[in-house]
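Printed here is entry-v8.tsv (TSV, C-alpha atoms):
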```tsv
chain	number	residue	atom	x	y	z
A	217	MET	CA	59.86	106.57	84.09
A	218	PRO	CA	63.63	106.41	83.61
A	219	ALA	CA	65.39	103.21	84.51
A	220	LEU	CA	67.37	103.25	87.70
A	221	ALA	CA	71.14	103.14	87.18
A	222	THR	CA	72.74	100.02	88.60
A	223	ALA	CA	75.84	100.49	90.70
A	224	ARG	CA	78.93	98.86	89.29
A	225	PRO	CA	80.45	96.39	91.76
A	226	PRO	CA	83.81	97.53	93.15
A	227	VAL	CA	86.89	96.07	91.50
A	228	ARG	CA	88.59	93.58	93.79
A	229	HIS	CA	92.34	93.71	94.34
A	230	PRO	CA	93.95	90.84	92.39
A	231	LEU	CA	95.35	89.34	95.62
A	232	ARG	CA	91.75	88.66	96.68
A	233	THR	CA	91.37	86.19	93.82
A	234	ARG	CA	92.68	82.65	94.38
A	235	PRO	CA	94.51	82.07	91.06
A	236	PHE	CA	96.61	85.23	91.31
A	237	ARG	CA	97.16	84.69	95.03
A	238	LEU	CA	98.68	81.27	94.31
A	239	LEU	CA	100.85	82.70	91.53
A	240	PHE	CA	101.95	85.62	93.71
A	241	ALA	CA	102.84	83.41	96.68
A	242	GLY	CA	105.00	81.15	94.52
A	243	ARG	CA	106.69	84.15	92.96
A	244	VAL	CA	107.51	85.69	96.34
A	245	LEU	CA	109.05	82.44	97.57
A	246	SER	CA	111.20	81.85	94.49
A	247	LEU	CA	112.31	85.51	94.39
A	248	THR	CA	113.35	85.34	98.04
A	249	GLY	CA	115.42	82.23	97.39
A	250	ASP	CA	117.01	83.79	94.32
A	251	ALA	CA	117.88	86.99	96.20
A	252	VAL	CA	120.01	84.94	98.60
A	253	ILE	CA	122.01	83.09	95.94
A	254	PRO	CA	124.42	85.74	94.50
A	255	ALA	CA	126.34	86.20	97.76
A	256	ALA	CA	126.24	82.48	98.54
A	257	LEU	CA	127.40	81.55	95.05
A	258	ALA	CA	130.40	83.89	95.17
A	259	LEU	CA	131.48	82.51	98.54
A	260	ALA	CA	130.94	78.90	97.44
A	261	VAL	CA	133.07	79.29	94.31
A	262	LEU	CA	135.84	81.13	96.13
A	263	GLU	CA	135.76	78.50	98.87
A	264	ALA	CA	136.05	75.71	96.33
A	265	THR	CA	138.68	77.29	94.05
A	266	GLY	CA	140.07	80.48	95.56
A	267	SER	CA	139.85	82.04	92.09
A	268	THR	CA	137.84	85.04	90.90
A	269	GLY	CA	138.36	83.75	87.36
A	270	ALA	CA	136.45	80.62	88.32
A	271	LEU	CA	133.58	82.80	89.54
A	272	ALA	CA	133.50	84.54	86.13
A	273	VAL	CA	133.30	81.11	84.46
A	274	VAL	CA	130.36	80.09	86.65
A	275	LEU	CA	128.52	83.35	85.94
A	276	ALA	CA	129.12	82.90	82.20
A	277	CYS	CA	127.75	79.35	82.42
A	278	ALA	CA	124.50	80.81	83.74
A	279	MET	CA	124.30	83.74	81.30
A	280	VAL	CA	125.13	82.08	77.96
A	281	PRO	CA	122.40	79.37	77.97
A	282	LYS	CA	119.87	81.99	79.06
A	283	LEU	CA	120.71	84.27	76.13
A	284	VAL	CA	120.76	81.45	73.58
A	285	LEU	CA	117.53	79.79	74.70
A	286	LEU	CA	115.28	82.78	75.50
A	287	PRO	CA	113.61	82.89	72.04
A	288	VAL	CA	113.09	79.13	72.21
A	289	GLY	CA	111.46	79.55	75.61
A	290	GLY	CA	109.14	82.19	74.16
A	291	VAL	CA	107.97	79.88	71.38
A	292	LEU	CA	107.32	77.00	73.79
A	293	ALA	CA	105.45	79.21	76.28
A	294	ASP	CA	103.12	80.39	73.49
A	295	ARG	CA	102.76	76.97	71.88
A	296	PHE	CA	102.16	74.96	75.05
A	297	ASP	CA	100.77	75.55	78.54
A	298	ALA	CA	102.81	78.30	80.24
A	299	ARG	CA	101.83	76.98	83.67
A	300	SER	CA	103.19	73.50	82.94
A	301	ILE	CA	106.45	74.91	81.58
A	302	ALA	CA	106.91	77.16	84.62
A	303	LEU	CA	106.19	74.22	86.93
A	304	ALA	CA	108.71	71.96	85.17
A	305	MET	CA	111.40	74.66	85.28
A	306	ASP	CA	110.80	75.21	89.00
A	307	LEU	CA	111.36	71.50	89.61
A	308	LEU	CA	114.49	71.51	87.48
A	309	ARG	CA	115.94	74.51	89.32
A	310	CYS	CA	114.97	72.91	92.63
A	311	ALA	CA	117.01	69.81	91.75
A	312	SER	CA	120.06	71.76	90.55
A	313	GLN	CA	120.16	74.07	93.60
A	314	LEU	CA	119.63	71.17	96.00
A	315	LEU	CA	122.53	69.27	94.41
A	316	VAL	CA	124.88	72.23	94.90
A	317	GLY	CA	123.64	72.75	98.45
A	318	LEU	CA	124.24	69.13	99.38
A	319	GLN	CA	127.72	69.25	97.87
A	320	LEU	CA	128.56	72.34	99.90
A	321	LEU	CA	127.14	70.86	103.09
A	322	GLY	CA	129.19	67.72	102.46
A	323	GLY	CA	132.36	69.79	102.40
A	324	SER	CA	133.56	68.67	98.97
A	325	PRO	CA	132.26	71.16	96.37
A	326	THR	CA	133.68	70.91	92.85
A	327	LEU	CA	133.82	73.68	90.27
A	328	TRP	CA	132.46	71.57	87.43
A	329	LEU	CA	129.35	70.66	89.43
A	330	ILE	CA	128.65	74.26	90.44
A	331	ALA	CA	129.23	75.42	86.85
A	332	THR	CA	126.92	72.70	85.50
A	333	ALA	CA	124.21	73.61	87.99
A	334	SER	CA	124.54	77.26	86.98
A	335	ALA	CA	124.18	76.31	83.31
A	336	VAL	CA	121.08	74.25	84.11
A	337	GLY	CA	119.65	77.14	86.11
A	338	GLY	CA	120.35	79.58	83.29
A	339	ALA	CA	118.67	77.31	80.73
A	340	ALA	CA	115.67	76.79	83.01
A	341	GLY	CA	115.42	80.55	83.49
A	342	ALA	CA	115.32	81.02	79.71
A	343	PHE	CA	112.23	78.79	79.53
A	344	ALA	CA	110.61	80.14	82.70
A	345	MET	CA	110.98	83.89	82.11
A	346	PRO	CA	108.66	84.10	79.05
A	347	THR	CA	105.90	82.40	81.06
A	348	ALA	CA	105.65	85.26	83.59
A	349	SER	CA	103.48	87.63	81.53
A	350	PRO	CA	101.10	84.93	80.20
A	351	LEU	CA	100.62	83.63	83.75
A	352	VAL	CA	99.71	87.07	85.11
A	353	ARG	CA	97.52	87.75	82.07
A	354	GLY	CA	95.71	84.44	82.56
A	355	THR	CA	94.95	84.86	86.26
A	356	VAL	CA	93.47	88.36	86.55
A	357	ALA	CA	90.78	90.42	84.89
A	358	GLU	CA	91.66	93.24	82.51
A	359	GLU	CA	90.67	96.01	84.90
A	360	VAL	CA	93.11	94.88	87.63
A	361	LEU	CA	96.02	93.96	85.37
A	362	HIS	CA	97.99	97.06	86.37
A	363	ARG	CA	97.59	96.35	90.08
A	364	ALA	CA	98.63	92.74	89.56
A	365	ASN	CA	101.84	93.81	87.82
A	366	ALA	CA	102.47	96.42	90.51
A	367	ALA	CA	102.11	93.73	93.18
A	368	MET	CA	104.64	91.55	91.33
A	369	GLY	CA	107.00	94.53	91.06
A	370	ILE	CA	106.67	95.27	94.77
A	371	ALA	CA	107.42	91.63	95.60
A	372	PHE	CA	110.54	91.69	93.42
A	373	SER	CA	111.75	94.94	94.95
A	374	ALA	CA	111.05	93.83	98.53
A	375	THR	CA	113.08	90.64	98.10
A	376	ARG	CA	115.97	92.72	96.75
A	377	VAL	CA	115.84	94.77	99.96
A	378	GLY	CA	115.71	91.81	102.34
A	379	GLY	CA	117.59	89.22	100.29
A	380	PRO	CA	121.16	90.43	100.99
A	381	ALA	CA	120.48	90.57	104.74
A	382	LEU	CA	119.07	87.04	104.72
A	383	ALA	CA	122.02	85.85	102.64
A	384	GLY	CA	124.45	87.38	105.11
A	385	ALA	CA	122.68	85.78	108.06
A	386	LEU	CA	122.73	82.33	106.44
A	387	VAL	CA	126.31	82.52	105.20
A	388	LEU	CA	127.69	83.77	108.52
A	389	THR	CA	125.74	81.32	110.70
A	390	VAL	CA	125.23	78.04	108.84
A	391	GLY	CA	127.25	78.48	105.63
A	392	PRO	CA	126.42	79.03	101.93
A	393	GLY	CA	125.18	75.48	101.45
A	394	TRP	CA	121.98	76.19	103.35
A	395	ALA	CA	121.32	79.20	101.12
A	396	PHE	CA	121.16	76.84	98.14
A	397	VAL	CA	118.93	74.44	100.08
A	398	LEU	CA	116.61	77.37	100.86
A	399	ASP	CA	116.47	78.32	97.19
A	400	ALA	CA	115.69	74.71	96.26
A	401	ALA	CA	112.88	74.63	98.82
A	402	SER	CA	111.43	77.88	97.46
A	403	PHE	CA	111.29	76.41	93.95
A	404	ALA	CA	109.67	73.23	95.27
A	405	VAL	CA	106.89	75.16	97.03
A	406	SER	CA	106.44	77.39	93.97
A	407	ALA	CA	106.01	74.27	91.82
A	408	ALA	CA	103.43	72.90	94.25
A	409	LEU	CA	101.43	76.13	94.06
A	410	LEU	CA	101.60	76.12	90.25
A	411	ALA	CA	100.35	72.51	90.26
A	412	VAL	CA	96.98	73.58	91.72
A	413	LEU	CA	96.76	76.78	89.65
A	414	ARG	CA	94.35	76.90	86.72
A	415	ILE	CA	94.57	79.68	84.12
A	416	ASP	CA	92.79	80.69	80.94
A	417	ARG	CA	94.75	79.92	77.80
A	418	VAL	CA	94.30	80.89	74.15
A	419	PRO	CA	95.11	77.88	71.93
A	420	VAL	CA	97.88	78.50	69.37
A	421	PRO	CA	98.06	76.49	66.12
A	422	HIS	CA	101.25	74.46	65.74
A	423	ARG	CA	103.48	75.75	62.97
A	424	PRO	CA	107.16	75.34	62.07
A	425	PHE	CA	109.45	76.57	64.82
A	426	LEU	CA	111.18	79.23	62.68
A	427	ALA	CA	107.81	80.54	61.55
A	428	ASP	CA	106.84	81.05	65.20
A	429	LEU	CA	110.09	82.88	65.85
A	430	ARG	CA	109.55	85.16	62.85
A	431	GLU	CA	105.97	85.90	63.90
A	432	GLY	CA	107.14	86.98	67.34
A	433	TRP	CA	109.76	89.28	65.82
A	434	ARG	CA	107.18	90.77	63.44
A	435	GLU	CA	105.00	91.64	66.45
A	436	VAL	CA	107.97	93.45	68.00
A	437	ARG	CA	108.85	95.39	64.82
A	438	SER	CA	105.23	96.32	64.04
A	439	ARG	CA	104.98	98.59	67.10
A	440	ASP	CA	107.26	101.62	66.97
A	441	TRP	CA	106.69	102.34	70.67
A	442	TYR	CA	107.86	98.82	71.50
A	443	TRP	CA	111.09	98.39	69.58
A	444	THR	CA	112.30	101.95	70.21
A	445	SER	CA	111.68	101.48	73.93
A	446	LEU	CA	113.62	98.21	73.79
A	447	VAL	CA	116.60	100.14	72.42
A	448	ALA	CA	116.37	102.47	75.43
A	449	HIS	CA	115.97	99.58	77.86
A	450	SER	CA	118.97	97.83	76.34
A	451	ALA	CA	121.03	101.00	76.76
A	452	TRP	CA	119.93	101.10	80.39
A	453	ASN	CA	121.15	97.55	81.03
A	454	GLY	CA	124.47	98.26	79.31
A	455	ALA	CA	124.90	101.38	81.43
A	456	ALA	CA	124.04	99.44	84.58
A	457	ALA	CA	126.77	96.93	83.71
A	458	VAL	CA	129.28	99.79	83.37
A	459	LEU	CA	128.35	101.17	86.78
A	460	MET	CA	128.44	97.74	88.46
A	461	THR	CA	131.88	97.08	86.94
A	462	LEU	CA	133.59	100.40	87.72
A	463	GLY	CA	131.59	101.54	90.75
A	464	PRO	CA	133.12	99.28	93.43
A	465	ALA	CA	136.68	100.41	92.66
A	466	ILE	CA	135.64	104.08	92.65
A	467	ALA	CA	133.87	103.57	95.98
A	468	LEU	CA	137.06	102.11	97.46
A	469	ASP	CA	139.23	104.92	96.12
A	470	ARG	CA	137.07	108.03	96.50
A	471	LEU	CA	133.76	107.43	98.27
A	472	GLY	CA	134.99	106.12	101.60
A	473	GLY	CA	135.53	102.40	101.17
A	474	PRO	CA	133.37	99.26	100.85
A	475	GLY	CA	130.74	100.63	103.23
A	476	ALA	CA	129.86	103.34	100.72
A	477	TRP	CA	129.28	100.75	98.00
A	478	VAL	CA	127.11	98.59	100.27
A	479	LEU	CA	125.10	101.68	101.21
A	480	LEU	CA	124.65	102.57	97.54
A	481	LEU	CA	123.29	99.09	96.75
A	482	GLN	CA	120.97	99.12	99.74
A	483	VAL	CA	119.60	102.59	98.95
A	484	GLY	CA	119.13	101.41	95.36
A	485	ALA	CA	117.07	98.46	96.59
A	486	VAL	CA	114.90	100.82	98.67
A	487	GLY	CA	114.50	103.10	95.64
A	488	LEU	CA	113.43	100.12	93.55
A	489	LEU	CA	110.75	99.28	96.10
A	490	ALA	CA	109.57	102.89	96.30
A	491	GLY	CA	109.26	103.06	92.50
A	492	SER	CA	107.14	99.89	92.48
A	493	LEU	CA	104.87	101.29	95.19
A	494	LEU	CA	104.50	104.51	93.20
A	495	ALA	CA	103.52	102.51	90.10
A	496	ASP	CA	100.70	100.88	92.08
A	497	TRP	CA	99.28	104.32	92.94
A	498	LEU	CA	100.10	106.45	89.89
A	499	LYS	CA	98.57	105.62	86.50
A	500	PRO	CA	99.97	108.10	83.95
A	501	SER	CA	97.93	108.91	80.86
A	502	ARG	CA	100.98	108.25	78.64
A	503	PRO	CA	102.50	105.26	80.43
A	504	VAL	CA	105.39	104.34	78.12
A	505	LEU	CA	106.52	107.94	77.70
A	506	THR	CA	106.42	108.59	81.46
A	507	ALA	CA	108.22	105.35	82.31
A	508	ASN	CA	110.98	105.89	79.73
A	509	LEU	CA	111.57	109.44	80.98
A	510	ALA	CA	111.86	108.06	84.52
A	511	LEU	CA	114.39	105.51	83.27
A	512	ALA	CA	116.59	108.32	81.90
A	513	SER	CA	117.45	109.26	85.50
A	514	TYR	CA	120.09	106.49	85.46
A	515	ALA	CA	122.40	108.96	83.70
A	516	LEU	CA	122.62	111.00	86.92
A	517	PRO	CA	124.64	108.60	89.15
A	518	LEU	CA	126.95	107.82	86.21
A	519	LEU	CA	127.71	111.52	85.68
A	520	LEU	CA	128.18	112.15	89.40
A	521	LEU	CA	130.62	109.25	89.67
A	522	ALA	CA	132.57	110.57	86.69
A	523	ALA	CA	132.64	114.09	88.18
A	524	GLY	CA	133.97	112.95	91.55
A	525	ALA	CA	130.84	114.01	93.45
A	526	PRO	CA	130.62	113.24	97.20
A	527	ALA	CA	129.31	109.85	98.30
A	528	TRP	CA	125.95	111.16	99.58
A	529	ALA	CA	125.13	112.67	96.17
A	530	VAL	CA	126.03	109.50	94.26
A	531	VAL	CA	124.06	107.31	96.68
A	532	ALA	CA	120.98	109.55	96.51
A	533	ALA	CA	121.14	109.69	92.71
A	534	TYR	CA	121.40	105.91	92.49
A	535	GLY	CA	118.36	105.50	94.73
A	536	LEU	CA	116.43	107.87	92.46
A	537	ALA	CA	117.57	106.00	89.35
A	538	GLN	CA	116.51	102.64	90.77
A	539	GLY	CA	113.18	104.21	91.64
A	540	GLY	CA	112.77	104.91	87.92
A	541	LEU	CA	113.35	101.24	87.17
A	542	GLY	CA	110.91	100.17	89.88
A	543	PHE	CA	108.26	102.45	88.37
A	544	LEU	CA	108.89	101.33	84.79
A	545	THR	CA	108.67	97.57	85.29
A	546	PRO	CA	104.98	97.15	86.27
A	547	VAL	CA	103.88	99.97	83.96
A	548	TRP	CA	105.70	98.43	81.00
A	549	ASP	CA	104.45	94.90	81.76
A	550	THR	CA	100.85	96.11	81.90
A	551	VAL	CA	101.08	97.99	78.60
A	552	VAL	CA	102.66	95.01	76.83
A	553	GLN	CA	100.13	92.53	78.23
A	554	ARG	CA	97.26	94.71	77.03
A	555	ALA	CA	98.68	95.61	73.63
A	556	VAL	CA	100.15	92.29	72.45
A	557	PRO	CA	97.82	89.43	71.47
A	558	GLU	CA	97.89	86.70	74.10
A	559	GLN	CA	98.87	83.97	71.63
A	560	VAL	CA	102.20	85.69	70.85
A	561	LEU	CA	102.84	87.38	74.21
A	562	ALA	CA	105.54	84.99	75.45
A	563	ARG	CA	107.55	85.29	72.23
A	564	VAL	CA	107.41	89.08	72.32
A	565	VAL	CA	108.48	89.14	75.98
A	566	SER	CA	111.34	86.73	75.26
A	567	TYR	CA	112.77	89.15	72.66
A	568	ASP	CA	112.44	91.93	75.24
A	569	SER	CA	114.49	89.94	77.76
A	570	LEU	CA	117.02	88.85	75.14
A	571	LEU	CA	117.83	92.41	74.06
A	572	SER	CA	118.04	93.58	77.66
A	573	PHE	CA	120.36	90.80	78.81
A	574	ALA	CA	122.55	90.92	75.70
A	575	ALA	CA	123.64	94.48	76.46
A	576	MET	CA	124.98	93.59	79.89
A	577	PRO	CA	127.95	91.41	78.83
A	578	VAL	CA	128.94	94.20	76.42
A	579	GLY	CA	129.03	96.67	79.30
A	580	TYR	CA	130.94	94.23	81.51
A	581	ALA	CA	133.56	93.65	78.79
A	582	LEU	CA	134.05	97.19	77.47
A	583	ALA	CA	133.95	99.19	80.72
A	584	PRO	CA	137.27	97.95	82.18
A	585	LEU	CA	139.01	98.15	78.79
A	586	ALA	CA	137.92	101.77	78.31
A	587	ALA	CA	138.79	102.63	81.91
A	588	ASP	CA	142.30	101.22	81.48
A	589	ALA	CA	142.81	103.18	78.27
A	590	TRP	CA	141.27	106.58	79.17
A	591	GLY	CA	140.30	106.44	82.83
A	592	PRO	CA	136.89	105.58	84.37
A	593	GLY	CA	135.38	108.96	83.50
A	594	VAL	CA	135.17	108.19	79.78
A	595	PRO	CA	133.09	104.99	79.97
A	596	LEU	CA	130.91	106.47	82.73
A	597	VAL	CA	130.10	109.61	80.74
A	598	THR	CA	129.61	107.59	77.54
A	599	ALA	CA	127.18	105.27	79.32
A	600	ALA	CA	125.33	108.28	80.78
A	601	VAL	CA	124.95	109.91	77.35
A	602	LEU	CA	123.72	106.66	75.81
A	603	VAL	CA	121.15	105.82	78.46
A	604	GLY	CA	119.93	109.39	78.88
A	605	GLY	CA	119.85	110.06	75.14
A	606	CYS	CA	118.10	106.81	74.19
A	607	CYS	CA	115.46	107.07	76.92
A	608	LEU	CA	114.71	110.75	76.23
A	609	ALA	CA	114.69	110.17	72.46
A	610	THR	CA	111.69	107.85	72.75
A	611	ALA	CA	109.63	111.01	73.35
A	612	LEU	CA	110.18	111.77	69.65
A	613	VAL	CA	108.47	108.52	68.56
A	614	PRO	CA	104.81	109.06	67.59
A	615	GLY	CA	103.70	105.71	68.99
A	616	VAL	CA	105.27	106.43	72.38
A	617	ARG	CA	103.49	109.79	72.64
A	618	ARG	CA	100.13	108.47	71.40
A	619	LEU	CA	99.95	105.32	73.51
A	620	ARG	CA	97.51	105.86	76.38
```
Give the structure from the file, written as structure tokens.
Amino acid sequence: MPALATARPPVRHPLRTRPFRLLFAGRVLSLTGDAVIPAALALAVLEATGSTGALAVVLACAMVPKLVLLPVGGVLADRFDARSIALAMDLLRCASQLLVGLQLLGGSPTLWLIATASAVGGAAGAFAMPTASPLVRGTVAEEVLHRANAAMGIAFSATRVGGPALAGALVLTVGPGWAFVLDAASFAVSAALLAVLRIDRVPVPHRPFLADLREGWREVRSRDWYWTSLVAHSAWNGAAAVLMTLGPAIALDRLGGPGAWVLLLQVGAVGLLAGSLLADWLKPSRPVLTANLALASYALPLLLLAAGAPAWAVVAAYGLAQGGLGFLTPVWDTVVQRAVPEQVLARVVSYDSLLSFAAMPVGYALAPLAADAWGPGVPLVTAAVLVGGCCLATALVPGVRRLR
């Protein structure tokens, strides 16, 4: 008599498991606080100094330590407990944001203190960012990894939709200082949630620091689908910097004023959320190929801006392009977490972030120079060709086409 087949128990959504629920709640809180800060920071610096140059200095103070220390953060997250590192960085960022908030509430903010806090926050971010993938990987089962990353992507996108509105409400009612206090509180609660979180961890033997760095880079280079996609992702970030640099002035001159630019950013945030929701539902058979092709859509708003298209077309194209980014992020995270050995995952992810962030200052610096020399159309079209060409060219890579 044949044996009766046993029904496989249904797979639970990752949010129904306590470890991931704790991680997700902390992530939502810290993302919400961070979404409020850009507007509050700009107003705080201008209030303290009245100088846009001072704001550039503060932003550089946050970016430079992050770029320099990202590979170091990857090594430490692999070598030690990623949860403990993330917890310590949350507490550090809580202290730095609270200090700035109290200074602003006291009515005597100083540029050096805000710049120092930004540098501390940038350094803490360099150590915290590589812990994200190991934490997700350590809190959920393999079969729900994609849904866990989709949930994280949806949370990120949702905070980008609601964050600017919350920032505006805080700044206009109680001032930018309370925005920093809110961010500090979000990091404090996130740290408390991480303190009770327990995750699985693969022990990593201690070796010389440079040897760990080289091993992480070897893991990147050994996968043709990975490093070629990183080139495309870096081109995307550089192109985004070009659009963010030249777009506001074009909106003022040709698209109808500042309201058009605000609408573009808001539609982009909605597109980002829609892309993340789509990633939770759609599981393509060739995930990296599909996601990179979706990312190529960023060429469209760049070309429309260069061609002098009407505001509605540029706004719609930007929403579509941000939808491609929202779709790529959870899909890419899931593929990397499954393909890269857990003991080197943080180092590999840190190189990913480093290459992506490094392209942005290049775009910020070159876009205005090129626009002054040849007009905004030249850098916009160049950025469109680069991002579209690099993303579409990944389809020619055997590893990208084969990866399922």
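The space separating atom CA of A:Ser312 from atom CA of A:Phe425 comes to 28.2 Å.
Atom to atom, atom CA of A:Val552 and atom CA of A:Gly579 stand 26.5 Å apart.
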Minimum-distance residue to A:Ala333, chosen among A:Ala476, A:Val560, A:Cys277, A:Leu351 (using all atoms listed in the file): A:Cys277
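Distance annotation: of A:Gly615, A:Leu519, A:Lys282, A:Leu608, the residue with the minimal separation from A:Val594 is A:Leu519; atom set is all atoms listed in the file.
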Neighbouring residues of A:His229 were defined as those with any atom within 12 Å, considering all atoms listed in the file; residues of the same chain fewer than 3 positions away were excluded. Please report them as a PDB file with C-alpha atoms, keeping the file's coordinate frame.
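Result went into selection.pdb, see below:
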```
ATOM      1  CA  PRO A 226      83.810  97.530  93.150  1.00  0.00           C
ATOM      2  CA  ARG A 232      91.750  88.660  96.680  1.00  0.00           C
ATOM      3  CA  THR A 233      91.370  86.190  93.820  1.00  0.00           C
ATOM      4  CA  ARG A 234      92.680  82.650  94.380  1.00  0.00           C
ATOM      5  CA  PHE A 236      96.610  85.230  91.310  1.00  0.00           C
ATOM      6  CA  ARG A 237      97.160  84.690  95.030  1.00  0.00           C
ATOM      7  CA  VAL A 356      93.470  88.360  86.550  1.00  0.00           C
ATOM      8  CA  ALA A 357      90.780  90.420  84.890  1.00  0.00           C
ATOM      9  CA  GLU A 358      91.660  93.240  82.510  1.00  0.00           C
ATOM     10  CA  GLU A 359      90.670  96.010  84.900  1.00  0.00           C
ATOM     11  CA  VAL A 360      93.110  94.880  87.630  1.00  0.00           C
ATOM     12  CA  LEU A 361      96.020  93.960  85.370  1.00  0.00           C
ATOM     13  CA  HIS A 362      97.990  97.060  86.370  1.00  0.00           C
ATOM     14  CA  ARG A 363      97.590  96.350  90.080  1.00  0.00           C
ATOM     15  CA  ALA A 364      98.630  92.740  89.560  1.00  0.00           C
ATOM     16  CA  ASN A 365     101.840  93.810  87.820  1.00  0.00           C
ATOM     17  CA  ALA A 366     102.470  96.420  90.510  1.00  0.00           C
ATOM     18  CA  ALA A 367     102.110  93.730  93.180  1.00  0.00           C
ATOM     19  CA  ASP A 496     100.700 100.880  92.080  1.00  0.00           C
TER      20      ASP A 496
END
```
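Proximity ranking of A:Met576, A:Leu561, A:Val405, A:Ile370 relative to A:Ala495 places A:Ile370 first, based on all atoms listed in the file.
In this model, the gap between atom CA of A:Gly378 and atom CA of A:Tyr514 comes to 22.8 Å.
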Top pick for closest residue to A:Glu431, considering A:Pro287, A:Gly393, A:Gly323, A:Pro464 and counting all atoms listed in the file: A:Pro287
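When only C-alpha atoms are used to compute distances to A:Arg414, the closest of the residues A:Ala456, A:Ala385, A:Val352, A:Val316 turns out to be A:Val352.
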All residues 10 Å or closer to A:Ala374, all atoms listed in the file, same chain fewer than 6 positions away omitted, as a ChimeraX atom specification: /A:244,247-248,251,368,485-486,488-490,492
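Among the candidates A:Ala241, A:Ala348, A:Val274, A:Ala381, the one nearest to A:Gln553 when counting all atoms listed in the file is A:Ala348.
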